[in-house]
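Next comes data_15.cif, with mmCIF, C-alpha atoms.
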data_structure
#
loop_
_atom_site.label_atom_id
_atom_site.label_comp_id
_atom_site.auth_asym_id
_atom_site.auth_seq_id
_atom_site.Cartn_x
_atom_site.Cartn_y
_atom_site.Cartn_z
CA MET A 356 -53.84 44.88 70.16
CA SER A 357 -55.78 45.00 66.88
CA LYS A 358 -54.15 43.53 63.81
CA SER A 359 -53.66 45.28 60.49
CA PRO A 360 -55.41 43.91 57.38
CA GLU A 361 -52.07 42.54 56.15
CA GLU A 362 -51.52 40.70 59.44
CA ILE A 363 -55.02 39.25 59.29
CA LYS A 364 -54.44 38.10 55.72
CA ASP A 365 -51.14 36.47 56.70
CA LYS A 366 -52.73 34.66 59.64
CA ILE A 367 -55.52 33.32 57.45
CA ILE A 368 -53.09 32.14 54.76
CA GLU A 369 -50.98 30.40 57.40
CA ALA A 370 -54.05 28.64 58.80
CA MET A 371 -55.21 27.77 55.29
CA LEU A 372 -51.99 26.31 53.86
CA PRO A 373 -52.03 22.92 55.66
CA ASN A 374 -55.50 22.26 54.24
CA VAL A 375 -55.03 23.45 50.64
CA SER A 376 -53.56 20.09 49.62
CA PHE A 377 -56.87 18.45 50.54
CA ASP A 378 -59.45 21.20 49.96
CA GLY A 379 -57.78 23.20 47.19
CA TRP A 380 -57.75 26.98 46.87
CA THR A 381 -61.39 27.75 47.67
CA VAL A 382 -63.26 30.49 49.48
CA GLN A 383 -64.72 27.84 51.79
CA CYS A 384 -61.23 26.72 52.76
CA ALA A 385 -60.33 30.35 53.47
CA GLU A 386 -63.44 30.85 55.61
CA ASN A 387 -62.60 27.75 57.63
CA ALA A 388 -59.04 29.02 58.05
CA ALA A 389 -60.32 32.40 59.23
CA VAL A 390 -62.33 30.73 61.99
CA GLU A 391 -59.35 28.55 62.90
CA ALA A 392 -57.21 31.71 63.14
CA GLY A 393 -59.69 33.31 65.52
CA PHE A 394 -61.70 35.51 63.17
CA ASP A 395 -65.24 35.44 61.85
CA ALA A 396 -65.66 33.61 58.56
CA ASP A 397 -67.17 36.78 57.06
CA VAL A 398 -63.87 38.62 57.46
CA ILE A 399 -62.74 36.88 54.27
CA HIS A 400 -65.12 38.93 52.15
CA ALA A 401 -64.03 42.17 53.81
CA ILE A 402 -60.27 41.78 53.50
CA PHE A 403 -60.30 39.90 50.18
CA PRO A 404 -62.82 41.93 48.13
CA ASP A 405 -61.50 40.24 44.95
CA GLY A 406 -62.52 36.87 46.34
CA LEU A 407 -60.45 33.81 45.59
CA GLU A 408 -58.16 35.72 43.23
CA GLY A 409 -57.09 37.99 46.08
CA ILE A 410 -56.61 35.03 48.41
CA VAL A 411 -54.33 33.15 45.99
CA ALA A 412 -52.44 36.36 45.18
CA HIS A 413 -51.81 36.99 48.86
CA PHE A 414 -50.20 33.56 49.15
CA SER A 415 -47.40 34.92 46.96
CA HIS A 416 -47.21 38.14 48.98
CA TRP A 417 -47.09 36.10 52.21
CA ALA A 418 -44.11 34.15 50.85
CA ASP A 419 -42.42 37.46 50.00
CA HIS A 420 -42.96 38.71 53.58
CA LYS A 421 -41.58 35.49 55.04
CA THR A 422 -38.57 35.60 52.74
CA LEU A 423 -37.65 39.11 53.87
CA GLU A 424 -38.06 38.08 57.50
CA ALA A 425 -35.77 35.09 56.98
CA LEU A 426 -33.15 37.32 55.34
CA GLU A 427 -33.02 39.84 58.17
CA GLY A 428 -29.50 40.17 59.54
CA VAL A 429 -27.78 38.92 56.38
CA ASP A 430 -24.67 40.97 55.63
CA ILE A 431 -25.42 41.61 51.98
CA GLU A 432 -22.33 43.79 51.61
CA ALA A 433 -20.26 40.64 51.96
CA LEU A 434 -22.07 39.02 49.04
CA LYS A 435 -21.85 39.54 45.30
CA ILE A 436 -25.10 40.49 43.55
CA ARG A 437 -25.54 37.01 42.08
CA GLU A 438 -25.04 35.50 45.55
CA ARG A 439 -27.67 37.82 47.03
CA ILE A 440 -30.20 36.90 44.36
CA HIS A 441 -29.43 33.20 44.69
CA MET A 442 -29.79 33.34 48.47
CA ALA A 443 -33.10 35.21 48.38
CA VAL A 444 -34.75 33.04 45.72
CA LEU A 445 -33.59 29.81 47.37
CA LYS A 446 -34.75 31.04 50.79
CA ARG A 447 -38.21 31.55 49.32
CA PHE A 448 -38.29 27.96 48.12
CA GLU A 449 -37.16 26.76 51.56
CA ILE A 450 -40.08 28.61 53.12
CA LEU A 451 -42.50 27.15 50.58
CA MET A 452 -41.10 23.61 50.89
CA PRO A 453 -43.91 22.32 53.15
CA TYR A 454 -46.49 23.72 50.73
CA LYS A 455 -45.44 22.33 47.36
CA ASP A 456 -48.97 21.19 46.59
CA ALA A 457 -50.34 24.64 47.41
CA VAL A 458 -47.79 26.23 45.05
CA ARG A 459 -48.63 23.76 42.28
CA MET A 460 -52.36 24.42 42.70
CA ALA A 461 -51.77 28.18 42.72
CA MET A 462 -49.80 27.89 39.47
CA SER A 463 -52.68 25.95 37.93
CA TYR A 464 -55.12 28.57 39.15
CA TRP A 465 -53.26 31.35 37.35
CA THR A 466 -53.06 29.46 34.06
CA VAL A 467 -56.78 30.01 33.40
CA PRO A 468 -56.89 32.64 30.61
CA LEU A 469 -59.72 34.65 32.17
CA ARG A 470 -57.47 35.46 35.12
CA GLY A 471 -55.36 37.58 32.83
CA LEU A 472 -51.93 38.77 33.87
CA GLN A 473 -52.33 38.60 37.65
CA GLY A 474 -50.11 35.52 37.94
CA PRO A 475 -47.18 37.12 36.08
CA ARG A 476 -47.74 40.32 38.07
CA ASN A 477 -47.32 38.37 41.30
CA VAL A 478 -44.03 36.92 40.06
CA TRP A 479 -42.84 40.38 38.99
CA LYS A 480 -43.64 41.72 42.47
CA THR A 481 -41.58 38.91 43.99
CA ALA A 482 -38.69 39.75 41.65
CA ASN A 483 -39.03 43.39 42.70
CA VAL A 484 -38.94 42.48 46.40
CA ILE A 485 -35.79 40.40 45.88
CA TRP A 486 -33.98 43.02 43.81
CA ASN A 487 -34.86 45.74 46.33
CA TRP A 488 -33.51 43.58 49.16
CA ALA A 489 -30.37 42.92 47.12
CA GLY A 490 -29.77 46.67 46.99
CA ASP A 491 -30.75 47.50 43.43
CA LYS A 492 -31.48 51.22 43.12
CA ALA A 493 -31.90 51.43 39.35
CA THR A 494 -34.69 53.70 38.14
CA ASP A 495 -34.14 53.53 34.38
CA TYR A 496 -34.87 50.74 31.92
CA ASN A 497 -32.42 48.54 33.88
CA ARG A 498 -34.92 48.34 36.74
CA TYR A 499 -37.58 46.72 34.57
CA THR A 500 -35.14 44.57 32.63
CA LYS A 501 -33.66 43.09 35.82
CA ARG A 502 -37.05 42.34 37.31
CA THR A 503 -38.42 40.88 34.10
CA LEU A 504 -35.40 38.61 33.69
CA LEU A 505 -35.57 37.51 37.33
CA SER A 506 -39.28 36.77 36.89
CA GLY A 507 -38.33 34.27 34.20
CA VAL A 508 -35.73 32.74 36.52
CA ILE A 509 -38.28 32.38 39.31
CA ILE A 510 -40.85 30.72 37.04
CA SER A 511 -38.41 28.23 35.50
CA THR A 512 -36.81 27.47 38.87
CA THR A 513 -40.24 26.89 40.42
CA LEU A 514 -40.88 24.20 37.84
CA ALA A 515 -37.48 22.63 38.62
CA TRP A 516 -38.18 22.88 42.35
CA GLN A 517 -41.46 21.02 41.93
CA LYS A 518 -39.46 18.07 40.56
CA ASP A 519 -36.57 18.34 43.06
CA GLY A 520 -36.29 15.08 44.99
CA SER A 521 -33.27 16.10 47.08
CA ASP A 522 -33.56 16.67 50.83
CA ASP A 523 -31.50 19.85 50.79
CA LEU A 524 -32.82 21.49 47.61
CA SER A 525 -29.41 20.92 46.02
CA GLU A 526 -30.97 20.23 42.61
CA THR A 527 -32.97 23.45 42.79
CA SER A 528 -29.91 25.38 43.98
CA GLU A 529 -27.80 24.14 41.08
CA PHE A 530 -30.53 24.90 38.54
CA LEU A 531 -31.01 28.36 40.02
CA HIS A 532 -27.27 29.05 39.89
CA ARG A 533 -27.15 28.21 36.19
CA ARG A 534 -30.20 30.33 35.40
CA ILE A 535 -28.82 33.34 37.27
CA GLU A 536 -25.52 33.05 35.42
CA ASN A 537 -27.38 32.93 32.10
CA VAL A 538 -29.53 35.92 33.00
CA LEU A 539 -26.57 38.01 34.09
CA LYS A 540 -24.95 37.38 30.72
CA VAL A 541 -28.17 38.43 28.96
CA GLY A 542 -28.41 41.50 31.17
CA LYS A 543 -24.89 42.56 30.26
CA LEU A 544 -25.70 42.05 26.58
CA PHE A 545 -28.81 44.26 26.91
CA GLY A 546 -26.68 46.90 28.57
CA LYS A 547 -24.15 46.88 25.74
CA LEU A 548 -26.90 47.07 23.13
CA LYS A 549 -28.53 49.97 24.95
CA ARG A 550 -25.25 51.90 25.12
CA ALA A 551 -24.62 51.19 21.45
#
Please re-express this file's structure in C-alpha cells.
Amino acid sequence: MSKSPEEIKDKIIEAMLPNVSFDGWTVQCAENAAVEAGFDADVIHAIFPDGLEGIVAHFSHWADHKTLEALEGVDIEALKIRERIHMAVLKRFEILMPYKDAVRMAMSYWTVPLRGLQGPRNVWKTANVIWNWAGDKATDYNRYTKRTLLSGVIISTTLAWQKDGSDDLSETSEFLHRRIENVLKVGKLFGKLKRA
C-alpha cells in the first residue's frame, strides 16, 4: 500500500534522528535516511520543497504526531485542564528523550535571524495541538492567548529539560508544573482585564 506524503516524511525523520547527533541537520543526512527508510534519495526534494527548513520543521510535527498517538486512550474527562496540559507536554519530552541532541541542534537552527518566525510558529502549532487534545474549544481571543502562553511554557521547559539530569524527568515535571500554574494565573488575570 502506498504511503501518504506525511507518512513518508515521518519515516524519513525516524530514520534520520539516530544520525543527527553525528551528522547534524543536513540535507545529506536526510537523503541518507530516505535510502535507509526504503525510498530514493531524490524523494527528499519532492516532499520537502523548502529544503532543510522543511525537514527541521517536520521534526516538530513528527513529535506532535507521536505525542497524540501516545495520549490515545487517556480519559481526559477525569483530569483537570492543568493536568491534561502537564501530561501532554511531559509526554512530548518523554518521546524526545532519546533525541536531546537533535532537539538542541534544531533550536540552534531556528535561532538564525534569516529563518524568521518559523521556529516560534512550530512551537505555536505544538501548543495548538496540545490545547485541542485537552478539549479547548475557544474561538475568541482566549484561543490565541492560551496558545501563546503555552508556547512560552514549552520553550522555557525545553531549556529546563535539556539540563534535566534525572532518570524519570522529575526535574522537568516539577519545572513544568510551576510554569503551568504561573500561566494559569496570568490567563485568569487577562480574562479579568478583558471583562473589565
*So what does the PyMOL selection byres ((chain A and resi 460) around 12) actually pick up in this one, as a VMD selection string?*
chain A and resid 372 375 to 381 411 414 454 to 459 461 to 467 517
*What gap, in Å, lies between atom CA of Trp488 of chain A and atom CA of Lys358 of chain A?*
25.3 Å
*asked:* For a quick check of understanding, using all atoms listed in the file, which of A:Lys446, A:His416, A:His400, A:Arg498 has the smallest distance to Gly474 of chain A?
replied: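 Once distances to Gly474 of chain A are computed over all atoms listed in the file, the minimum belongs to A:His416.
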*asked:* Please report the interatomic distance between atom CA of Val508 of chain A and atom CA of His532 of chain A in Å with one decimal.
replied: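 So the two atoms, atom CA of Val508 of chain A and atom CA of His532 of chain A, lie 9.8 Å apart.
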*Might you pull out every residue within 12 Å of Asp395 of chain A, with only C-alpha atoms counted and same-chain residues fewer than 6 positions away left off, and present them as a ChimeraX atom specification?*
/A:363,367,385-389,401-402
Saved selection, atoms kept: C-alpha atoms, as a CSV table (one decimal), in the frame of the given file:
chain,number,residue,atom,x,y,z
A,363,ILE,CA,-55.0,39.2,59.3
A,367,ILE,CA,-55.5,33.3,57.4
A,385,ALA,CA,-60.3,30.4,53.5
A,386,GLU,CA,-63.4,30.8,55.6
A,387,ASN,CA,-62.6,27.8,57.6
A,388,ALA,CA,-59.0,29.0,58.0
A,389,ALA,CA,-60.3,32.4,59.2
A,401,ALA,CA,-64.0,42.2,53.8
A,402,ILE,CA,-60.3,41.8,53.5
*Name the closest residue to Met371 of chain A among the candidates A:Gln473, A:Leu451, A:Gly507, A:Cys384; distances are taken between atoms, counting all atoms listed in the file.*
A:Cys384
_Selection under test: the PyMOL selection byres ((chain A and resi 439) around 10); residues as a list in words_ =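 What the PyMOL selection byres ((chain A and resi 439) around 10) grabs from the file is Leu426, Val429, Asp430, Ile431, Glu432, Ala433, Leu434, Lys435, Ile436, Arg437, Glu438, Ile440, His441, Met442, Ala443, Val444, Leu445, Ile485, Trp486, Trp488, Ala489 and Gly490 of chain A.
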*Between atom CA of Asp491 of chain A and atom CA of Lys421 of chain A, distance in Å (one decimal)*: 19.9 Å
*Where does the PyMOL selection byres ((chain A and resi 482) around 9) land in this file, that is, which residues does it pick, as an NGL selection string?*
:A and (444 or 477-481 or 483-487 or 501-506 or 509)
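Near Ala515 of chain A, within a cut-off of 9 Å and counting only C-alpha atoms, sit the residues Ile510, Ser511, Thr512, Lys518, Asp519, Glu526, Thr527, Phe530 and Leu531 of chain A, with same-chain residues fewer than 3 positions away left out.
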Same residues, C-alpha atoms, saved as a compact mmCIF listing (two decimals), in the frame of the given file:
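Writing done, so here's result_37.txt:
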# COMPACT_ATOMS: atom_id res chain seq x y z
CA ILE A 510 -40.85 30.72 37.04
CA SER A 511 -38.41 28.23 35.50
CA THR A 512 -36.81 27.47 38.87
CA LYS A 518 -39.46 18.07 40.56
CA ASP A 519 -36.57 18.34 43.06
CA GLU A 526 -30.97 20.23 42.61
CA THR A 527 -32.97 23.45 42.79
CA PHE A 530 -30.53 24.90 38.54
CA LEU A 531 -31.01 28.36 40.02
_Under the rule that all atoms listed in the file are counted, which of A:Glu369, A:Glu361, A:Gly428, A:Ala396 is the nearest residue to Ile450 of chain A?_
A:Glu369
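Counting all atoms listed in the file, the residue from A:Tyr499, A:Trp516, A:Asp522, A:Asp365 that sits nearest to Ser415 of chain A is A:Asp365.
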*With only C-alpha atoms as the basis for distance, which of A:Val382, A:Val538, A:Ala425, A:Met452 is at the shortest distance from Leu407 of chain A?*
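Smallest separation from Leu407 of chain A among the options: A:Val382.
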